[in-house]
$ cat start-v3.txt   # compact mmCIF, N, CA, C and O atoms
# COMPACT_ATOMS: atom_id res chain seq x y z
N MET A 1 -187.79 -123.09 -90.77
CA MET A 1 -186.95 -122.34 -91.68
C MET A 1 -185.50 -122.77 -91.45
O MET A 1 -184.92 -122.54 -90.41
N ALA A 2 -184.96 -123.39 -92.42
CA ALA A 2 -183.60 -123.92 -92.31
C ALA A 2 -182.64 -122.94 -92.96
O ALA A 2 -182.86 -122.48 -94.07
N SER A 3 -181.58 -122.61 -92.25
CA SER A 3 -180.59 -121.71 -92.82
C SER A 3 -179.47 -122.54 -93.43
O SER A 3 -178.90 -123.40 -92.77
N SER A 4 -179.23 -122.29 -94.66
CA SER A 4 -178.17 -123.02 -95.34
C SER A 4 -177.02 -122.07 -95.60
O SER A 4 -176.91 -121.47 -96.65
N SER A 5 -176.23 -121.90 -94.59
CA SER A 5 -175.09 -120.99 -94.74
C SER A 5 -173.86 -121.80 -95.12
O SER A 5 -173.45 -122.70 -94.41
N SER A 6 -173.35 -121.49 -96.26
CA SER A 6 -172.14 -122.16 -96.70
C SER A 6 -170.94 -121.32 -96.30
O SER A 6 -171.01 -120.10 -96.27
N PRO A 7 -169.85 -121.96 -95.96
CA PRO A 7 -168.66 -121.18 -95.57
C PRO A 7 -168.16 -120.33 -96.73
O PRO A 7 -168.22 -120.73 -97.88
N LEU A 8 -167.73 -119.14 -96.38
CA LEU A 8 -167.21 -118.24 -97.40
C LEU A 8 -165.90 -118.80 -97.94
O LEU A 8 -165.03 -119.21 -97.18
N GLU A 9 -165.81 -118.81 -99.22
CA GLU A 9 -164.57 -119.27 -99.84
C GLU A 9 -163.78 -118.07 -100.32
O GLU A 9 -164.29 -117.25 -101.07
N LEU A 10 -162.57 -117.98 -99.86
CA LEU A 10 -161.69 -116.92 -100.31
C LEU A 10 -161.10 -117.33 -101.65
O LEU A 10 -160.78 -118.50 -101.86
N PRO A 11 -160.97 -116.38 -102.55
CA PRO A 11 -160.37 -116.73 -103.83
C PRO A 11 -158.93 -117.18 -103.62
O PRO A 11 -158.20 -116.63 -102.81
N HIS A 12 -158.57 -118.22 -104.34
CA HIS A 12 -157.20 -118.74 -104.23
C HIS A 12 -156.24 -117.82 -104.97
O HIS A 12 -156.47 -117.46 -106.11
N ASN A 13 -155.20 -117.44 -104.28
CA ASN A 13 -154.16 -116.63 -104.92
C ASN A 13 -153.21 -117.56 -105.65
O ASN A 13 -152.66 -118.48 -105.07
N SER A 14 -153.02 -117.29 -106.88
CA SER A 14 -152.06 -118.09 -107.62
C SER A 14 -150.65 -117.61 -107.28
O SER A 14 -150.46 -116.53 -106.71
N ASN A 15 -149.68 -118.39 -107.60
CA ASN A 15 -148.30 -118.01 -107.34
C ASN A 15 -147.93 -116.73 -108.06
O ASN A 15 -147.16 -115.92 -107.55
N ASP A 16 -148.50 -116.53 -109.25
CA ASP A 16 -148.22 -115.30 -110.00
C ASP A 16 -148.72 -114.08 -109.26
O ASP A 16 -148.05 -113.05 -109.22
N ASP A 17 -149.90 -114.19 -108.65
CA ASP A 17 -150.44 -113.06 -107.89
C ASP A 17 -149.57 -112.74 -106.68
O ASP A 17 -149.32 -111.58 -106.37
N VAL A 18 -149.11 -113.78 -106.00
CA VAL A 18 -148.26 -113.58 -104.83
C VAL A 18 -146.93 -112.97 -105.24
O VAL A 18 -146.43 -112.05 -104.59
N LEU A 19 -146.35 -113.45 -106.35
CA LEU A 19 -145.09 -112.88 -106.83
C LEU A 19 -145.26 -111.42 -107.23
O LEU A 19 -144.40 -110.58 -106.94
N GLU A 20 -146.38 -111.12 -107.88
CA GLU A 20 -146.65 -109.73 -108.28
C GLU A 20 -146.80 -108.83 -107.05
O GLU A 20 -146.28 -107.72 -107.01
N LEU A 21 -147.50 -109.33 -106.04
CA LEU A 21 -147.66 -108.57 -104.81
C LEU A 21 -146.32 -108.34 -104.13
O LEU A 21 -146.02 -107.23 -103.67
N ASN A 22 -145.48 -109.37 -104.10
CA ASN A 22 -144.15 -109.23 -103.50
C ASN A 22 -143.32 -108.19 -104.24
O ASN A 22 -142.62 -107.38 -103.63
N LYS A 23 -143.39 -108.20 -105.57
CA LYS A 23 -142.65 -107.21 -106.36
C LYS A 23 -143.15 -105.81 -106.07
O LYS A 23 -142.36 -104.87 -105.92
N ASP A 24 -144.47 -105.65 -105.97
CA ASP A 24 -145.04 -104.34 -105.66
C ASP A 24 -144.60 -103.86 -104.28
O ASP A 24 -144.23 -102.70 -104.10
N LEU A 25 -144.62 -104.76 -103.31
CA LEU A 25 -144.21 -104.40 -101.95
C LEU A 25 -142.73 -104.03 -101.91
O LEU A 25 -142.34 -103.06 -101.24
N GLU A 26 -141.89 -104.78 -102.61
CA GLU A 26 -140.46 -104.46 -102.66
C GLU A 26 -140.22 -103.10 -103.28
O GLU A 26 -139.39 -102.32 -102.82
N ARG A 27 -140.97 -102.79 -104.35
CA ARG A 27 -140.84 -101.49 -105.02
C ARG A 27 -141.26 -100.37 -104.07
O ARG A 27 -140.58 -99.34 -103.96
N ILE A 28 -142.36 -100.57 -103.35
CA ILE A 28 -142.83 -99.55 -102.42
C ILE A 28 -141.81 -99.35 -101.30
O ILE A 28 -141.52 -98.21 -100.92
N ILE A 29 -141.27 -100.44 -100.78
CA ILE A 29 -140.27 -100.33 -99.72
C ILE A 29 -139.04 -99.58 -100.22
O ILE A 29 -138.49 -98.72 -99.53
N GLU A 30 -138.60 -99.89 -101.44
CA GLU A 30 -137.45 -99.19 -102.00
C GLU A 30 -137.75 -97.70 -102.17
O GLU A 30 -136.90 -96.86 -101.87
N ASP A 31 -138.95 -97.37 -102.63
CA ASP A 31 -139.33 -95.96 -102.77
C ASP A 31 -139.31 -95.25 -101.42
O ASP A 31 -138.82 -94.12 -101.31
N ILE A 32 -139.82 -95.91 -100.39
CA ILE A 32 -139.84 -95.31 -99.05
C ILE A 32 -138.42 -95.14 -98.53
O ILE A 32 -138.09 -94.11 -97.92
N GLU A 33 -137.55 -96.11 -98.79
CA GLU A 33 -136.14 -95.98 -98.38
C GLU A 33 -135.49 -94.79 -99.07
O GLU A 33 -134.73 -94.04 -98.44
N ASN A 34 -135.76 -94.63 -100.36
CA ASN A 34 -135.19 -93.49 -101.09
C ASN A 34 -135.69 -92.17 -100.52
O ASN A 34 -134.93 -91.21 -100.38
N ILE A 35 -136.97 -92.10 -100.19
CA ILE A 35 -137.53 -90.89 -99.60
C ILE A 35 -136.87 -90.62 -98.25
O ILE A 35 -136.54 -89.47 -97.92
N SER A 36 -136.64 -91.68 -97.47
CA SER A 36 -135.99 -91.52 -96.16
C SER A 36 -134.58 -90.95 -96.32
O SER A 36 -134.17 -90.08 -95.55
N VAL A 37 -133.85 -91.45 -97.31
CA VAL A 37 -132.50 -90.94 -97.55
C VAL A 37 -132.56 -89.47 -97.95
O VAL A 37 -131.77 -88.65 -97.46
N GLN A 38 -133.48 -89.12 -98.81
CA GLN A 38 -133.61 -87.72 -99.24
C GLN A 38 -133.96 -86.83 -98.05
O GLN A 38 -133.42 -85.72 -97.92
N LEU A 39 -134.85 -87.29 -97.17
CA LEU A 39 -135.20 -86.51 -95.99
C LEU A 39 -134.00 -86.35 -95.06
O LEU A 39 -133.81 -85.27 -94.48
N ALA A 40 -133.21 -87.40 -94.92
CA ALA A 40 -132.01 -87.30 -94.08
C ALA A 40 -131.05 -86.26 -94.64
O ALA A 40 -130.49 -85.45 -93.89
N TRP A 41 -130.84 -86.27 -95.98
CA TRP A 41 -129.96 -85.28 -96.59
C TRP A 41 -130.52 -83.87 -96.42
O TRP A 41 -129.77 -82.92 -96.14
N MET A 42 -131.82 -83.72 -96.58
CA MET A 42 -132.43 -82.40 -96.41
C MET A 42 -132.24 -81.91 -94.98
O MET A 42 -131.90 -80.73 -94.75
N SER A 43 -132.42 -82.79 -94.01
CA SER A 43 -132.23 -82.42 -92.60
C SER A 43 -130.79 -82.03 -92.34
O SER A 43 -130.50 -81.03 -91.67
N TYR A 44 -129.87 -82.81 -92.87
CA TYR A 44 -128.45 -82.50 -92.70
C TYR A 44 -128.13 -81.14 -93.30
O TYR A 44 -127.43 -80.33 -92.69
N ASP A 45 -128.64 -80.91 -94.52
CA ASP A 45 -128.39 -79.62 -95.18
C ASP A 45 -128.90 -78.46 -94.34
O ASP A 45 -128.22 -77.46 -94.17
N MET A 46 -130.11 -78.62 -93.79
CA MET A 46 -130.68 -77.53 -92.98
C MET A 46 -129.82 -77.25 -91.75
O MET A 46 -129.52 -76.11 -91.43
N VAL A 47 -129.42 -78.31 -91.05
CA VAL A 47 -128.62 -78.14 -89.84
C VAL A 47 -127.26 -77.55 -90.18
O VAL A 47 -126.80 -76.60 -89.54
N ALA A 48 -126.62 -78.08 -91.22
CA ALA A 48 -125.28 -77.61 -91.58
C ALA A 48 -125.33 -76.16 -92.03
O ALA A 48 -124.48 -75.35 -91.64
N LEU A 49 -126.30 -75.80 -92.83
CA LEU A 49 -126.37 -74.43 -93.34
C LEU A 49 -126.74 -73.44 -92.24
O LEU A 49 -126.25 -72.32 -92.23
N ARG A 50 -127.58 -73.84 -91.33
CA ARG A 50 -127.96 -72.92 -90.24
C ARG A 50 -126.85 -72.79 -89.21
O ARG A 50 -126.70 -71.77 -88.58
N THR A 51 -126.07 -73.87 -89.04
CA THR A 51 -124.99 -73.84 -88.07
C THR A 51 -123.80 -73.05 -88.60
O THR A 51 -123.21 -72.24 -87.90
N SER A 52 -123.48 -73.29 -89.86
CA SER A 52 -122.31 -72.65 -90.45
C SER A 52 -122.62 -72.31 -91.91
O SER A 52 -122.48 -73.17 -92.79
N PRO A 53 -123.01 -71.08 -92.19
CA PRO A 53 -123.37 -70.70 -93.56
C PRO A 53 -122.25 -70.91 -94.58
O PRO A 53 -122.52 -71.14 -95.75
N GLU A 54 -121.00 -70.89 -94.15
CA GLU A 54 -119.91 -71.09 -95.11
C GLU A 54 -119.82 -72.53 -95.60
O GLU A 54 -119.09 -72.83 -96.53
N LEU A 55 -120.58 -73.43 -94.99
CA LEU A 55 -120.60 -74.81 -95.45
C LEU A 55 -121.47 -74.99 -96.70
O LEU A 55 -121.45 -76.06 -97.31
N ALA A 56 -122.20 -73.97 -97.10
CA ALA A 56 -123.09 -74.09 -98.25
C ALA A 56 -122.33 -74.53 -99.49
O ALA A 56 -122.79 -75.39 -100.24
N GLU A 57 -121.16 -73.95 -99.72
CA GLU A 57 -120.37 -74.31 -100.89
C GLU A 57 -119.89 -75.76 -100.80
O GLU A 57 -119.94 -76.50 -101.79
N SER A 58 -119.48 -76.19 -99.62
CA SER A 58 -119.04 -77.57 -99.45
C SER A 58 -120.18 -78.54 -99.68
O SER A 58 -120.00 -79.60 -100.31
N VAL A 59 -121.36 -78.21 -99.19
CA VAL A 59 -122.52 -79.07 -99.38
C VAL A 59 -122.86 -79.15 -100.87
O VAL A 59 -123.18 -80.22 -101.39
N GLN A 60 -122.77 -78.03 -101.57
CA GLN A 60 -123.05 -78.01 -103.00
C GLN A 60 -122.07 -78.90 -103.76
O GLN A 60 -122.46 -79.67 -104.63
N LYS A 61 -120.78 -78.82 -103.41
CA LYS A 61 -119.78 -79.66 -104.06
C LYS A 61 -120.04 -81.14 -103.77
O LYS A 61 -119.90 -81.98 -104.66
N LEU A 62 -120.40 -81.45 -102.54
CA LEU A 62 -120.70 -82.82 -102.17
C LEU A 62 -121.90 -83.34 -102.96
O LEU A 62 -121.89 -84.47 -103.46
N GLU A 63 -122.91 -82.52 -103.10
CA GLU A 63 -124.10 -82.92 -103.86
C GLU A 63 -123.76 -83.15 -105.33
O GLU A 63 -124.21 -84.12 -105.93
N GLU A 64 -122.95 -82.29 -105.91
CA GLU A 64 -122.54 -82.45 -107.30
C GLU A 64 -121.73 -83.74 -107.48
O GLU A 64 -121.93 -84.48 -108.45
N ALA A 65 -120.84 -84.02 -106.54
CA ALA A 65 -120.05 -85.25 -106.61
C ALA A 65 -120.95 -86.48 -106.49
O ALA A 65 -120.76 -87.47 -107.20
N TYR A 66 -121.93 -86.39 -105.62
CA TYR A 66 -122.89 -87.49 -105.47
C TYR A 66 -123.62 -87.75 -106.79
O TYR A 66 -123.76 -88.90 -107.22
N HIS A 67 -124.10 -86.68 -107.43
CA HIS A 67 -124.83 -86.83 -108.69
C HIS A 67 -123.92 -87.40 -109.80
O HIS A 67 -124.37 -88.21 -110.61
N ARG A 68 -122.67 -86.99 -109.82
CA ARG A 68 -121.73 -87.53 -110.81
C ARG A 68 -121.51 -89.02 -110.58
O ARG A 68 -121.54 -89.82 -111.52
N CYS A 69 -121.29 -89.40 -109.34
CA CYS A 69 -121.08 -90.81 -109.01
C CYS A 69 -122.32 -91.64 -109.33
O CYS A 69 -122.23 -92.72 -109.91
N ARG A 70 -123.48 -91.12 -108.98
CA ARG A 70 -124.72 -91.83 -109.27
C ARG A 70 -124.91 -92.01 -110.77
O ARG A 70 -125.34 -93.07 -111.22
N ALA A 71 -124.57 -90.98 -111.54
CA ALA A 71 -124.72 -91.07 -113.00
C ALA A 71 -123.80 -92.13 -113.57
O ALA A 71 -124.17 -92.87 -114.47
N ILE A 72 -122.59 -92.23 -113.02
CA ILE A 72 -121.65 -93.24 -113.50
C ILE A 72 -122.11 -94.64 -113.12
O ILE A 72 -122.10 -95.55 -113.96
N ILE A 73 -122.55 -94.80 -111.89
CA ILE A 73 -122.96 -96.12 -111.42
C ILE A 73 -124.26 -96.56 -112.06
O ILE A 73 -124.39 -97.70 -112.50
N CYS A 74 -125.23 -95.67 -112.09
CA CYS A 74 -126.56 -96.05 -112.60
C CYS A 74 -126.67 -95.89 -114.10
O CYS A 74 -127.64 -96.35 -114.72
N GLY A 75 -125.74 -95.20 -114.72
CA GLY A 75 -125.78 -95.02 -116.16
C GLY A 75 -126.76 -93.96 -116.61
O GLY A 75 -127.22 -93.98 -117.72
N ASP A 76 -127.11 -93.04 -115.72
CA ASP A 76 -128.04 -91.96 -116.09
C ASP A 76 -127.35 -90.94 -116.96
O ASP A 76 -126.27 -90.51 -116.72
$ encode --input "start-v3.txt" --output "structure tokens"
Amino acid sequence: MASSSSPLELPHNSNDDVLELNKDLERIIEDIENISVQLAWMSYDMVALRTSPELAESVQKLEEAYHRCRAIICGD
């Protein structure tokens, strides 16, 4: 009984597939970075508000200024 095992051939990835994968990975990394920034702001807000409740108004003003700047830069 002769075993005729042929080597497994992996499908060849075309350049388009690799480029698409790279774009997907970059998008995922950017999404994770954005989530990290949001978590950092949330942590800062919690610490600042618990440490000094009168900072709530300052944090709100800072957040509003951030949203205004983002709208101008991003065109939202």
$ atom_distance --input "start-v3.txt" --atom1 "atom CA of Met46 of chain A" --atom2 "atom CA of Glu33 of chain A"
20.0 Å
$ atom_distance --input "start-v3.txt" --atom1 "atom N of Val18 of chain A" --atom2 "atom N of Ile35 of chain A"
25.5 Å
$ atom_distance --input "start-v3.txt" --atom1 "atom CA of Cys74 of chain A" --atom2 "atom CA of Arg27 of chain A"
17.1 Å
